[in-house]
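S.K.: Hey, dropping run_36.pdb in here, PDB, C-alpha atoms:
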```pdb
ATOM      1  CA  MET A   1      -7.802   2.812 -39.345
ATOM      2  CA  ILE A   2      -6.741  -0.042 -37.106
ATOM      3  CA  LYS A   3      -6.678   1.041 -33.479
ATOM      4  CA  SER A   4      -5.908  -0.590 -30.167
ATOM      5  CA  GLY A   5      -8.730  -1.743 -27.948
ATOM      6  CA  ARG A   6      -7.018  -0.136 -24.976
ATOM      7  CA  ASP A   7      -9.120   2.977 -25.396
ATOM      8  CA  GLY A   8     -12.412   1.201 -25.820
ATOM      9  CA  GLN A   9     -15.466   2.506 -24.030
ATOM     10  CA  VAL A  10     -18.885   1.451 -22.879
ATOM     11  CA  LEU A  11     -21.213   4.360 -22.158
ATOM     12  CA  TYR A  12     -24.690   4.249 -20.707
ATOM     13  CA  ASP A  13     -27.444   6.524 -19.523
ATOM     14  CA  ALA A  14     -30.507   5.166 -17.767
ATOM     15  CA  ALA A  15     -32.454   8.248 -18.880
ATOM     16  CA  ALA A  16     -31.456   7.523 -22.484
ATOM     17  CA  THR A  17     -30.167  11.039 -23.068
ATOM     18  CA  LEU A  18     -26.448  11.557 -22.470
ATOM     19  CA  PRO A  19     -24.474   8.363 -21.899
ATOM     20  CA  VAL A  20     -21.378   8.513 -19.714
ATOM     21  CA  GLU A  21     -18.581   5.996 -19.503
ATOM     22  CA  ILE A  22     -18.910   2.938 -17.292
ATOM     23  CA  VAL A  23     -15.465   2.701 -15.730
ATOM     24  CA  SER A  24     -13.309  -0.325 -14.894
ATOM     25  CA  LEU A  25     -14.436  -2.340 -17.899
ATOM     26  CA  ASN A  26     -11.907  -4.002 -20.177
ATOM     27  CA  LYS A  27     -13.921  -5.891 -22.769
ATOM     28  CA  TRP A  28     -17.078  -5.596 -24.788
ATOM     29  CA  LYS A  29     -18.485  -7.692 -27.573
ATOM     30  CA  LEU A  30     -21.341  -6.877 -29.895
ATOM     31  CA  SER A  31     -23.211  -9.465 -31.881
ATOM     32  CA  LEU A  32     -25.235  -8.523 -34.961
ATOM     33  CA  LYS A  33     -26.772 -11.743 -36.121
ATOM     34  CA  THR A  34     -29.615 -11.902 -38.562
ATOM     35  CA  ASP A  35     -31.955 -14.854 -38.570
ATOM     36  CA  LYS A  36     -31.767 -16.742 -41.815
ATOM     37  CA  ILE A  37     -34.971 -18.258 -43.142
ATOM     38  CA  ASN A  38     -34.654 -21.457 -45.079
ATOM     39  CA  VAL A  39     -36.473 -21.040 -48.402
ATOM     40  CA  THR A  40     -35.000 -24.030 -50.158
ATOM     41  CA  CYS A  41     -37.297 -25.361 -52.869
ATOM     42  CA  PHE A  42     -37.569 -28.508 -54.949
ATOM     43  CA  GLY A  43     -34.843 -28.498 -57.515
ATOM     44  CA  ASP A  44     -32.462 -26.155 -55.743
ATOM     45  CA  GLN A  45     -28.853 -27.248 -55.935
ATOM     46  CA  ASN A  46     -28.238 -26.322 -52.333
ATOM     47  CA  LYS A  47     -30.042 -24.827 -49.397
ATOM     48  CA  VAL A  48     -31.176 -21.255 -49.946
ATOM     49  CA  TYR A  49     -31.786 -18.683 -47.253
ATOM     50  CA  VAL A  50     -33.194 -15.167 -47.021
ATOM     51  CA  PRO A  51     -32.427 -12.824 -44.153
ATOM     52  CA  GLY A  52     -34.952 -12.279 -41.427
ATOM     53  CA  MET A  53     -34.741  -9.964 -38.452
ATOM     54  CA  ARG A  54     -31.384  -8.880 -37.055
ATOM     55  CA  ASP A  55     -30.700  -9.422 -33.398
ATOM     56  CA  ILE A  56     -28.526  -6.892 -31.561
ATOM     57  CA  SER A  57     -27.005  -8.103 -28.310
ATOM     58  CA  GLY A  58     -23.676  -8.543 -26.626
ATOM     59  CA  THR A  59     -21.528  -8.771 -23.552
ATOM     60  CA  PHE A  60     -19.069  -6.700 -21.576
ATOM     61  CA  SER A  61     -16.793  -7.353 -18.618
ATOM     62  CA  GLY A  62     -14.254  -5.815 -16.309
ATOM     63  CA  PHE A  63     -13.472  -5.339 -12.649
ATOM     64  CA  TRP A  64     -15.772  -4.667  -9.730
ATOM     65  CA  ASN A  65     -15.444  -1.034  -8.690
ATOM     66  CA  SER A  66     -17.472   0.134  -5.717
ATOM     67  CA  ASP A  67     -17.590   3.619  -7.222
ATOM     68  CA  GLU A  68     -19.300   2.288 -10.327
ATOM     69  CA  LEU A  69     -22.747   0.800  -9.790
ATOM     70  CA  THR A  70     -24.252   1.677 -13.140
ATOM     71  CA  LEU A  71     -24.330  -1.905 -14.383
ATOM     72  CA  PHE A  72     -26.199  -3.167 -11.393
ATOM     73  CA  GLU A  73     -28.603  -0.267 -11.279
ATOM     74  CA  ALA A  74     -29.339  -0.848 -14.937
ATOM     75  CA  THR A  75     -30.594  -4.334 -14.184
ATOM     76  CA  GLU A  76     -33.496  -2.762 -12.310
ATOM     77  CA  ALA A  77     -34.497  -0.467 -15.143
ATOM     78  CA  GLU A  78     -38.068  -0.782 -16.319
ATOM     79  CA  THR A  79     -37.351   1.378 -19.335
ATOM     80  CA  PRO A  80     -34.352   0.919 -21.601
ATOM     81  CA  GLY A  81     -31.305   3.115 -21.257
ATOM     82  CA  LYS A  82     -29.068   4.327 -24.026
ATOM     83  CA  LEU A  83     -25.974   2.238 -24.561
ATOM     84  CA  GLU A  84     -22.977   3.220 -26.665
ATOM     85  CA  LEU A  85     -20.091   0.952 -27.603
ATOM     86  CA  VAL A  86     -16.906   2.625 -28.792
ATOM     87  CA  PRO A  87     -13.957   0.565 -30.065
ATOM     88  CA  ASN A  88     -11.526   3.423 -29.495
ATOM     89  CA  SER A  89     -12.291   6.736 -27.818
ATOM     90  CA  THR A  90      -9.910   8.607 -30.107
ATOM     91  CA  GLU A  91     -12.494   7.991 -32.818
ATOM     92  CA  PRO A  92     -15.632   8.694 -30.790
ATOM     93  CA  THR A  93     -17.944   8.985 -33.770
ATOM     94  CA  PHE A  94     -17.327   5.363 -34.650
ATOM     95  CA  LYS A  95     -19.732   3.685 -32.299
ATOM     96  CA  TRP A  96     -22.734   1.446 -32.036
ATOM     97  CA  ALA A  97     -25.538   3.001 -30.040
ATOM     98  CA  GLY A  98     -29.134   2.437 -29.139
ATOM     99  CA  LEU A  99     -31.637   1.633 -26.452
ATOM    100  CA  ALA A 100     -30.888  -1.481 -24.485
ATOM    101  CA  TYR A 101     -31.722  -3.522 -21.442
ATOM    102  CA  MET A 102     -28.843  -4.927 -19.414
ATOM    103  CA  ASP A 103     -28.110  -7.824 -17.102
ATOM    104  CA  ALA A 104     -25.108  -8.002 -14.798
ATOM    105  CA  GLU A 105     -23.046 -10.568 -12.925
ATOM    106  CA  ILE A 106     -20.259 -10.394 -10.385
ATOM    107  CA  ASP A 107     -17.706 -13.138  -9.837
ATOM    108  CA  THR A 108     -15.609 -13.067  -6.682
ATOM    109  CA  ALA A 109     -12.798 -15.486  -5.854
ATOM    110  CA  VAL A 110     -10.319 -15.560  -3.012
ATOM    111  CA  GLU A 111      -7.488 -14.816  -5.413
ATOM    112  CA  GLY A 112      -7.719 -11.875  -7.709
ATOM    113  CA  ALA A 113     -10.057  -8.949  -8.074
ATOM    114  CA  PRO A 114     -13.803  -9.461  -8.238
ATOM    115  CA  ALA A 115     -14.903  -9.393 -11.852
ATOM    116  CA  VAL A 116     -18.106  -8.075 -13.313
ATOM    117  CA  ALA A 117     -19.783  -9.084 -16.520
ATOM    118  CA  GLY A 118     -22.951  -8.135 -18.245
ATOM    119  CA  THR A 119     -25.116  -8.727 -21.228
ATOM    120  CA  PHE A 120     -27.291  -6.363 -23.195
ATOM    121  CA  MET A 121     -29.988  -6.621 -25.804
ATOM    122  CA  ALA A 122     -31.558  -4.013 -28.028
ATOM    123  CA  ALA A 123     -34.757  -2.333 -26.939
ATOM    124  CA  GLY A 124     -35.163  -0.128 -29.956
ATOM    125  CA  PRO A 125     -33.413   0.847 -33.172
ATOM    126  CA  TRP A 126     -29.636   1.102 -33.102
ATOM    127  CA  THR A 127     -27.139   3.129 -35.082
ATOM    128  CA  GLN A 128     -23.789   1.926 -36.218
ATOM    129  CA  PRO A 129     -20.697   3.410 -37.859
ATOM    130  CA  THR A 130     -20.604   3.288 -41.608
ATOM    131  CA  GLY A 131     -17.037   2.644 -42.609
ATOM    132  CA  VAL A 132     -15.349   3.962 -45.704
ATOM    133  CA  LEU A 133     -15.023   0.539 -47.241
ATOM    134  CA  THR A 134     -18.573  -0.608 -46.691
ATOM    135  CA  GLN A 135     -20.156   2.613 -47.821
ATOM    136  CA  THR A 136     -18.044   2.921 -50.900
ATOM    137  CA  ALA A 137     -18.108  -0.682 -51.894
ATOM    138  CA  ARG A 138     -21.750  -1.397 -51.294
ATOM    139  CA  ARG A 139     -23.406   1.802 -52.384
ATOM    140  CA  GLY A 140     -20.849   3.606 -54.479
ATOM    141  CA  GLY A 141     -21.530   6.729 -52.506
ATOM    142  CA  THR A 142     -19.229   9.260 -50.977
ATOM    143  CA  PRO A 143     -17.562   7.810 -47.920
ATOM    144  CA  SER A 144     -18.981   9.327 -44.810
ATOM    145  CA  ARG A 145     -17.786   9.175 -41.237
ATOM    146  CA  GLY A 146     -19.944   8.871 -38.207
ATOM    147  CA  THR A 147     -23.021   7.069 -37.094
ATOM    148  CA  HIS A 148     -26.024   6.261 -39.181
ATOM    149  CA  PRO A 149     -29.191   4.302 -38.622
ATOM    150  CA  ALA A 150     -28.481   0.616 -38.510
ATOM    151  CA  GLN A 151     -29.480  -1.120 -41.727
TER     152      GLN A 151
ATOM    153  CA  MET B   1       0.436   9.982 -16.381
ATOM    154  CA  PRO B   2       0.262   6.513 -14.798
ATOM    155  CA  ALA B   3       0.920   6.036 -11.114
ATOM    156  CA  ASP B   4       4.526   5.439 -10.085
ATOM    157  CA  SER B   5       4.920   1.703  -9.557
ATOM    158  CA  SER B   6       7.995   2.232  -7.384
ATOM    159  CA  ALA B   7       5.646   3.700  -4.792
ATOM    160  CA  ILE B   8       4.432   0.165  -4.067
ATOM    161  CA  ASP B   9       7.968  -1.005  -3.309
ATOM    162  CA  ALA B  10       8.613   2.062  -1.182
ATOM    163  CA  ALA B  11       5.394   1.624   0.778
ATOM    164  CA  LEU B  12       6.172  -2.005   1.557
ATOM    165  CA  LEU B  13       9.651  -1.142   2.764
ATOM    166  CA  ALA B  14       8.387   1.757   4.868
ATOM    167  CA  TYR B  15       5.721  -0.435   6.433
ATOM    168  CA  LEU B  16       8.263  -3.064   7.477
ATOM    169  CA  ARG B  17      10.782  -0.482   8.659
ATOM    170  CA  ALA B  18       8.189   1.136  10.885
ATOM    171  CA  ASP B  19       7.624  -1.967  12.979
ATOM    172  CA  ALA B  20       9.585  -1.851  16.215
ATOM    173  CA  THR B  21       9.155  -5.553  16.962
ATOM    174  CA  LEU B  22      10.615  -6.517  13.618
ATOM    175  CA  ALA B  23      13.451  -4.067  14.097
ATOM    176  CA  GLY B  24      14.208  -5.705  17.448
ATOM    177  CA  LEU B  25      14.417  -9.140  15.861
ATOM    178  CA  LEU B  26      16.331  -8.016  12.785
ATOM    179  CA  PRO B  27      18.204  -4.872  13.810
ATOM    180  CA  ASP B  28      20.258  -4.477  10.640
ATOM    181  CA  GLY B  29      17.379  -3.074   8.642
ATOM    182  CA  VAL B  30      15.029  -3.753   5.779
ATOM    183  CA  HIS B  31      16.740  -3.817   2.408
ATOM    184  CA  MET B  32      15.675  -4.031  -1.217
ATOM    185  CA  ASP B  33      17.569  -6.577  -3.332
ATOM    186  CA  VAL B  34      20.925  -6.329  -1.504
ATOM    187  CA  ALA B  35      21.746  -5.668   2.128
ATOM    188  CA  THR B  36      24.320  -3.144   3.178
ATOM    189  CA  GLY B  37      27.798  -4.378   4.050
ATOM    190  CA  GLY B  38      28.133  -5.741   7.536
ATOM    191  CA  ALA B  39      24.452  -6.546   7.975
ATOM    192  CA  LYS B  40      23.962  -9.862   9.755
ATOM    193  CA  ARG B  41      20.313  -9.834  10.830
ATOM    194  CA  PHE B  42      18.060  -8.139   8.341
ATOM    195  CA  VAL B  43      14.985  -8.284   6.107
ATOM    196  CA  LEU B  44      15.575  -8.714   2.405
ATOM    197  CA  VAL B  45      12.849  -7.729  -0.047
ATOM    198  CA  SER B  46      13.014  -8.413  -3.761
ATOM    199  CA  LEU B  47      10.546  -8.236  -6.583
ATOM    200  CA  VAL B  48       9.808 -11.632  -8.112
ATOM    201  CA  ILE B  49       7.313 -10.668 -10.791
ATOM    202  CA  ALA B  50       4.932  -7.808 -11.424
ATOM    203  CA  SER B  51       1.926  -8.082 -13.704
ATOM    204  CA  ASP B  52      -0.515  -5.437 -14.817
ATOM    205  CA  LEU B  53      -4.216  -5.925 -15.469
ATOM    206  CA  GLY B  54      -5.739  -3.428 -17.824
ATOM    207  CA  GLN B  55      -9.020  -1.693 -18.238
ATOM    208  CA  PHE B  56     -10.249   0.569 -21.020
ATOM    209  CA  GLY B  57      -8.069   3.656 -20.970
ATOM    210  CA  GLY B  58      -5.422   2.543 -18.533
ATOM    211  CA  ARG B  59      -4.040   0.240 -15.890
ATOM    212  CA  ALA B  60      -6.550  -1.230 -13.472
ATOM    213  CA  ILE B  61      -4.518  -3.364 -11.108
ATOM    214  CA  GLU B  62      -0.846  -3.958 -10.390
ATOM    215  CA  ASP B  63      -0.207  -7.447  -9.113
ATOM    216  CA  VAL B  64       3.241  -7.701  -7.545
ATOM    217  CA  LEU B  65       4.887 -10.754  -6.039
ATOM    218  CA  TYR B  66       7.635  -9.947  -3.529
ATOM    219  CA  LEU B  67      10.092 -12.264  -1.853
ATOM    220  CA  VAL B  68      10.274 -11.076   1.753
ATOM    221  CA  LYS B  69      12.531 -12.966   4.095
ATOM    222  CA  ALA B  70      14.473 -12.750   7.301
ATOM    223  CA  VAL B  71      18.182 -13.354   6.746
ATOM    224  CA  VAL B  72      20.368 -14.202   9.726
ATOM    225  CA  PHE B  73      24.062 -14.998   9.925
ATOM    226  CA  ASN B  74      24.864 -18.020  12.110
ATOM    227  CA  GLY B  75      27.574 -16.126  13.960
ATOM    228  CA  VAL B  76      25.072 -13.871  15.677
ATOM    229  CA  ASN B  77      22.294 -14.535  18.088
ATOM    230  CA  GLY B  78      19.213 -14.378  15.883
ATOM    231  CA  ASP B  79      15.744 -15.828  16.242
ATOM    232  CA  VAL B  80      14.917 -16.757  12.681
ATOM    233  CA  PRO B  81      11.522 -18.390  13.342
ATOM    234  CA  ALA B  82      10.342 -15.424  15.386
ATOM    235  CA  ALA B  83      11.494 -12.992  12.722
ATOM    236  CA  ALA B  84       9.722 -14.909   9.966
ATOM    237  CA  ALA B  85       6.604 -15.127  12.095
ATOM    238  CA  ARG B  86       6.685 -11.391  12.670
ATOM    239  CA  LEU B  87       7.033 -10.777   8.944
ATOM    240  CA  ASP B  88       4.033 -12.965   8.293
ATOM    241  CA  ALA B  89       2.013 -11.274  11.019
ATOM    242  CA  LEU B  90       2.693  -7.946   9.369
ATOM    243  CA  LEU B  91       2.139  -9.002   5.793
ATOM    244  CA  GLU B  92      -0.674 -11.547   5.800
ATOM    245  CA  ASP B  93      -3.710  -9.336   5.222
ATOM    246  CA  GLY B  94      -1.372  -6.417   5.826
ATOM    247  CA  ARG B  95      -2.630  -2.887   5.374
ATOM    248  CA  PHE B  96      -0.349  -0.016   4.482
ATOM    249  CA  PRO B  97      -0.765   3.198   2.555
ATOM    250  CA  ILE B  98       0.707   3.535  -0.941
ATOM    251  CA  ALA B  99       1.114   6.932  -2.545
ATOM    252  CA  GLY B 100      -1.073   7.102  -5.646
ATOM    253  CA  TYR B 101      -2.643   3.694  -5.065
ATOM    254  CA  GLU B 102      -5.178   1.902  -2.990
ATOM    255  CA  LEU B 103      -3.952  -1.373  -1.559
ATOM    256  CA  MET B 104      -6.330  -4.186  -2.487
ATOM    257  CA  SER B 105      -4.683  -7.102  -0.748
ATOM    258  CA  CYS B 106      -1.432  -8.387   0.682
ATOM    259  CA  VAL B 107      -1.245 -12.124   1.269
ATOM    260  CA  ARG B 108       1.364 -14.842   1.287
ATOM    261  CA  ALA B 109       1.495 -16.978  -1.832
ATOM    262  CA  GLU B 110       4.309 -19.337  -0.804
ATOM    263  CA  ARG B 111       6.467 -20.014   2.219
ATOM    264  CA  VAL B 112      10.225 -19.873   1.846
ATOM    265  CA  ARG B 113      12.930 -21.451   3.999
ATOM    266  CA  GLY B 114      16.540 -22.314   3.320
ATOM    267  CA  THR B 115      20.110 -22.323   4.502
ATOM    268  CA  GLU B 116      22.934 -20.848   2.482
ATOM    269  CA  VAL B 117      26.382 -22.322   3.096
ATOM    270  CA  ASP B 118      29.396 -20.209   2.258
ATOM    271  CA  ASP B 119      31.468 -21.717  -0.553
ATOM    272  CA  ALA B 120      34.820 -20.822   0.981
ATOM    273  CA  ASP B 121      34.021 -21.465   4.602
ATOM    274  CA  PRO B 122      31.333 -24.103   5.256
ATOM    275  CA  SER B 123      31.110 -23.028   8.856
ATOM    276  CA  ILE B 124      29.549 -19.762   7.711
ATOM    277  CA  ARG B 125      25.837 -20.112   7.185
ATOM    278  CA  TRP B 126      23.006 -17.766   6.444
ATOM    279  CA  TYR B 127      19.485 -18.714   7.426
ATOM    280  CA  HIS B 128      16.655 -17.510   5.220
ATOM    281  CA  ARG B 129      13.005 -17.687   6.161
ATOM    282  CA  GLY B 130       9.948 -15.830   4.950
ATOM    283  CA  GLY B 131       7.656 -16.016   1.987
ATOM    284  CA  ARG B 132       6.539 -14.747  -1.350
ATOM    285  CA  TYR B 133       3.856 -12.160  -0.756
ATOM    286  CA  ARG B 134       1.383 -11.025  -3.342
ATOM    287  CA  VAL B 135       0.492  -7.352  -3.224
ATOM    288  CA  GLN B 136      -2.363  -6.078  -5.361
ATOM    289  CA  ALA B 137      -2.922  -2.370  -5.718
ATOM    290  CA  THR B 138      -5.104  -0.247  -7.918
ATOM    291  CA  PRO B 139      -3.906   3.136  -9.151
ATOM    292  CA  LEU B 140      -6.057   6.000  -7.985
ATOM    293  CA  LEU B 141      -7.805   8.061 -10.635
ATOM    294  CA  THR B 142      -7.185   5.519 -13.355
ATOM    295  CA  ALA B 143     -10.453   6.099 -15.135
ATOM    296  CA  ARG B 144     -10.925   8.801 -17.668
ATOM    297  CA  ALA B 145     -12.939  11.677 -16.316
ATOM    298  CA  GLY B 146     -16.358  11.101 -17.825
ATOM    299  CA  ALA B 147     -17.084  10.421 -21.421
ATOM    300  CA  ASP B 148     -14.922  11.624 -24.238
ATOM    301  CA  GLN B 149     -17.845  12.864 -26.200
TER     302      GLN B 149
END
```
Please, can you express the file's structure as structure tokens?

M.R.:
Amino acid sequence: MIKSGRDGQVLYDAAATLPVEIVSLNKWKLSLKTDKINVTCFGDQNKVYVPGMRDISGTFSGFWNSDELTLFEATEAETPGKLELVPNSTEPTFKWAGLAYMDAEIDTAVEGAPAVAGTFMAAGPWTQPTGVLTQTARRGGTPSRGTHPAQ
Amino acid sequence: MPADSSAIDAALLAYLRADATLAGLLPDGVHMDVATGGAKRFVLVSLVIASDLGQFGGRAIEDVLYLVKAVVFNGVNGDVPAAAARLDALLEDGRFPIAGYELMSCVRAERVRGTEVDDADPSIRWYHRGGRYRVQATPLLTARAGADQ
């Protein structure tokens, strides 16, 4: 179902057990790019690729909130925390989640509210939602809701 | 329930009304949009534009631009420059409480000055001086309480 991003969430736990929401954020972006290996051979009509390893990384941003230091504390972590990305909290089982390391930035100007931004990258296997369309179309199986190991 | 945005207007008016020096310079009060009949030396406040900045789950910041000016009729003894200066002293980096919000900043964005000549009687003039002031406030308790899961 198409939902608004207004109720998006970014959750994190440095102990990698029970993530809680990082407040005052208003944007996150996840990138799931797989390296493509060029295996083009003599005689091929065009370039041919095979997939390599998928990279999981992304960004998030929002406003500086002195009550919310999670992002900045996470930059000091020597072990990865658990990160969860939820497009809409009314469908909390539809999320991408996994261990991650994070970096953070803060941008302060004389006009406007200080803004924070961060990046993250996977530090272990991630899970992702398996939508009705993808499950049904690709595997012919019974549509299932929730989070499954990332493929 | 979101915070009541009118509380920002009310807090600004209350802050200006509480200043005895300003009241001495402009004794006919601080008014929103329209002054009361008979007022000849007063502060007029009006909302120019109000923008909201969002965060996940709600409103993060309300960014409100107010026109705040001293208005003085030429038939009375009024010190327009002093009144405008007092307004600016109060509002530039002003601090005042807002119910349900935390004030982030209050600064002047533009200076305003003009003279209004009465259409029917050109000898009647109103002097306007002040500025457009940008008030930024963040609603208290805007974040959801913890995770939803």

S.K.: For chain A, list the residues within 6 Å of chain B, counting only C-alpha atoms, and write the list as a ChimeraX atom specification.

M.R.: /A:6-8,20-21,24-26

S.K.: Applying the PyMOL selection byres ((chain A and resi 81) around 10) to the file I just gave you, which residues come out? Please list them as a VMD selection string.

M.R.: chain A and resid 12 to 19 74 77 to 80 82 to 84 98 to 102 122 to 123

S.K.: Got a sec to resolve the PyMOL selection byres ((chain B and resi 68-81) around 9) on this structure and send the residues as a ChimeraX atom specification?

M.R.: /B:25-26,39-47,66-67,82-87,112-113,123-133

S.K.: Would you export the selected residues with C-alpha atoms as an mmCIF file, keeping the file's coordinate frame, please?

M.R.:
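out-v3.cif was written with the following content:
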```cif
data_model
loop_
_atom_site.group_PDB
_atom_site.id
_atom_site.type_symbol
_atom_site.label_atom_id
_atom_site.label_comp_id
_atom_site.auth_asym_id
_atom_site.auth_seq_id
_atom_site.Cartn_x
_atom_site.Cartn_y
_atom_site.Cartn_z
ATOM 1 C CA LEU B 25 14.417 -9.140 15.861
ATOM 2 C CA LEU B 26 16.331 -8.016 12.785
ATOM 3 C CA ALA B 39 24.452 -6.546 7.975
ATOM 4 C CA LYS B 40 23.962 -9.862 9.755
ATOM 5 C CA ARG B 41 20.313 -9.834 10.830
ATOM 6 C CA PHE B 42 18.060 -8.139 8.341
ATOM 7 C CA VAL B 43 14.985 -8.284 6.107
ATOM 8 C CA LEU B 44 15.575 -8.714 2.405
ATOM 9 C CA VAL B 45 12.849 -7.729 -0.047
ATOM 10 C CA SER B 46 13.014 -8.413 -3.761
ATOM 11 C CA LEU B 47 10.546 -8.236 -6.583
ATOM 12 C CA TYR B 66 7.635 -9.947 -3.529
ATOM 13 C CA LEU B 67 10.092 -12.264 -1.853
ATOM 14 C CA ALA B 82 10.342 -15.424 15.386
ATOM 15 C CA ALA B 83 11.494 -12.992 12.722
ATOM 16 C CA ALA B 84 9.722 -14.909 9.966
ATOM 17 C CA ALA B 85 6.604 -15.127 12.095
ATOM 18 C CA ARG B 86 6.685 -11.391 12.670
ATOM 19 C CA LEU B 87 7.033 -10.777 8.944
ATOM 20 C CA VAL B 112 10.225 -19.873 1.846
ATOM 21 C CA ARG B 113 12.930 -21.451 3.999
ATOM 22 C CA SER B 123 31.110 -23.028 8.856
ATOM 23 C CA ILE B 124 29.549 -19.762 7.711
ATOM 24 C CA ARG B 125 25.837 -20.112 7.185
ATOM 25 C CA TRP B 126 23.006 -17.766 6.444
ATOM 26 C CA TYR B 127 19.485 -18.714 7.426
ATOM 27 C CA HIS B 128 16.655 -17.510 5.220
ATOM 28 C CA ARG B 129 13.005 -17.687 6.161
ATOM 29 C CA GLY B 130 9.948 -15.830 4.950
ATOM 30 C CA GLY B 131 7.656 -16.016 1.987
ATOM 31 C CA ARG B 132 6.539 -14.747 -1.350
ATOM 32 C CA TYR B 133 3.856 -12.160 -0.756
#
```

S.K.: What does the structure give for the distance between CA of Glu116 in chain B and CA of Ala11 in chain B, in Å to one decimal?

M.R.: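 It comes out at 28.6 Å.
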
S.K.: Can you translate the PyMOL selection byres ((chain B and resi 103) around 9) into the concrete residues it hits in this file, as a PyMOL selection string?

M.R.: chain B and resi 8+95-98+101-102+104-106+135-139

S.K.: Axis-aligned box over every listed atom of range 15-24 of chain B, padded by 3 Å per side: centre and edges in Å to one decimal, as lines of an AutoDock Vina configuration file?

M.R.:
```
center_x = 10.0
center_y = -2.7
center_z = 11.9
size_x = 14.5
size_y = 13.7
size_z = 17.0
```

S.K.: How many Å separate CA of Trp96 in chain A from CA of Pro129 in chain A?

M.R.: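 Answer for the CA of Trp96 in chain A to CA of Pro129 in chain A separation: 6.5 Å.
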
S.K.: Could you tell me how far CA of Val10 in chain A sits from CA of Asn88 in chain A, in Å to one decimal place?

M.R.: 10.1 Å

S.K.: Find, counting all atoms listed in the file, the residue in A:Asp103, A:Asp67, A:Asp55, A:Glu73 that gets nearest to Val23 in chain A.

M.R.: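 Of A:Asp103, A:Asp67, A:Asp55, A:Glu73, the one nearest Val23 in chain A is A:Asp67, counting all atoms listed in the file.
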
S.K.: List every protein, DNA or RNA residue that has an atom no more than 10 Å from (5.0, 4.5, -8.9) in the file's coordinate frame, counting only C-alpha atoms, and report them as a list in words.

M.R.: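 Nearby residues: Pro2, Ala3, Asp4, Ser5, Ser6, Ala7, Ile8, Asp9, Ala10, Ile98, Ala99, Gly100, Tyr101 and Pro139 of chain B.
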
S.K.: For the selection you just gave me, I'd like the residues written to a file as a PDB file, keeping the file's coordinate frame, keeping C-alpha atoms.

M.R.:
```
ATOM      1  CA  PRO B   2       0.262   6.513 -14.798  1.00  0.00           C
ATOM      2  CA  ALA B   3       0.920   6.036 -11.114  1.00  0.00           C
ATOM      3  CA  ASP B   4       4.526   5.439 -10.085  1.00  0.00           C
ATOM      4  CA  SER B   5       4.920   1.703  -9.557  1.00  0.00           C
ATOM      5  CA  SER B   6       7.995   2.232  -7.384  1.00  0.00           C
ATOM      6  CA  ALA B   7       5.646   3.700  -4.792  1.00  0.00           C
ATOM      7  CA  ILE B   8       4.432   0.165  -4.067  1.00  0.00           C
ATOM      8  CA  ASP B   9       7.968  -1.005  -3.309  1.00  0.00           C
ATOM      9  CA  ALA B  10       8.613   2.062  -1.182  1.00  0.00           C
ATOM     10  CA  ILE B  98       0.707   3.535  -0.941  1.00  0.00           C
ATOM     11  CA  ALA B  99       1.114   6.932  -2.545  1.00  0.00           C
ATOM     12  CA  GLY B 100      -1.073   7.102  -5.646  1.00  0.00           C
ATOM     13  CA  TYR B 101      -2.643   3.694  -5.065  1.00  0.00           C
ATOM     14  CA  PRO B 139      -3.906   3.136  -9.151  1.00  0.00           C
TER      15      PRO B 139
END
```
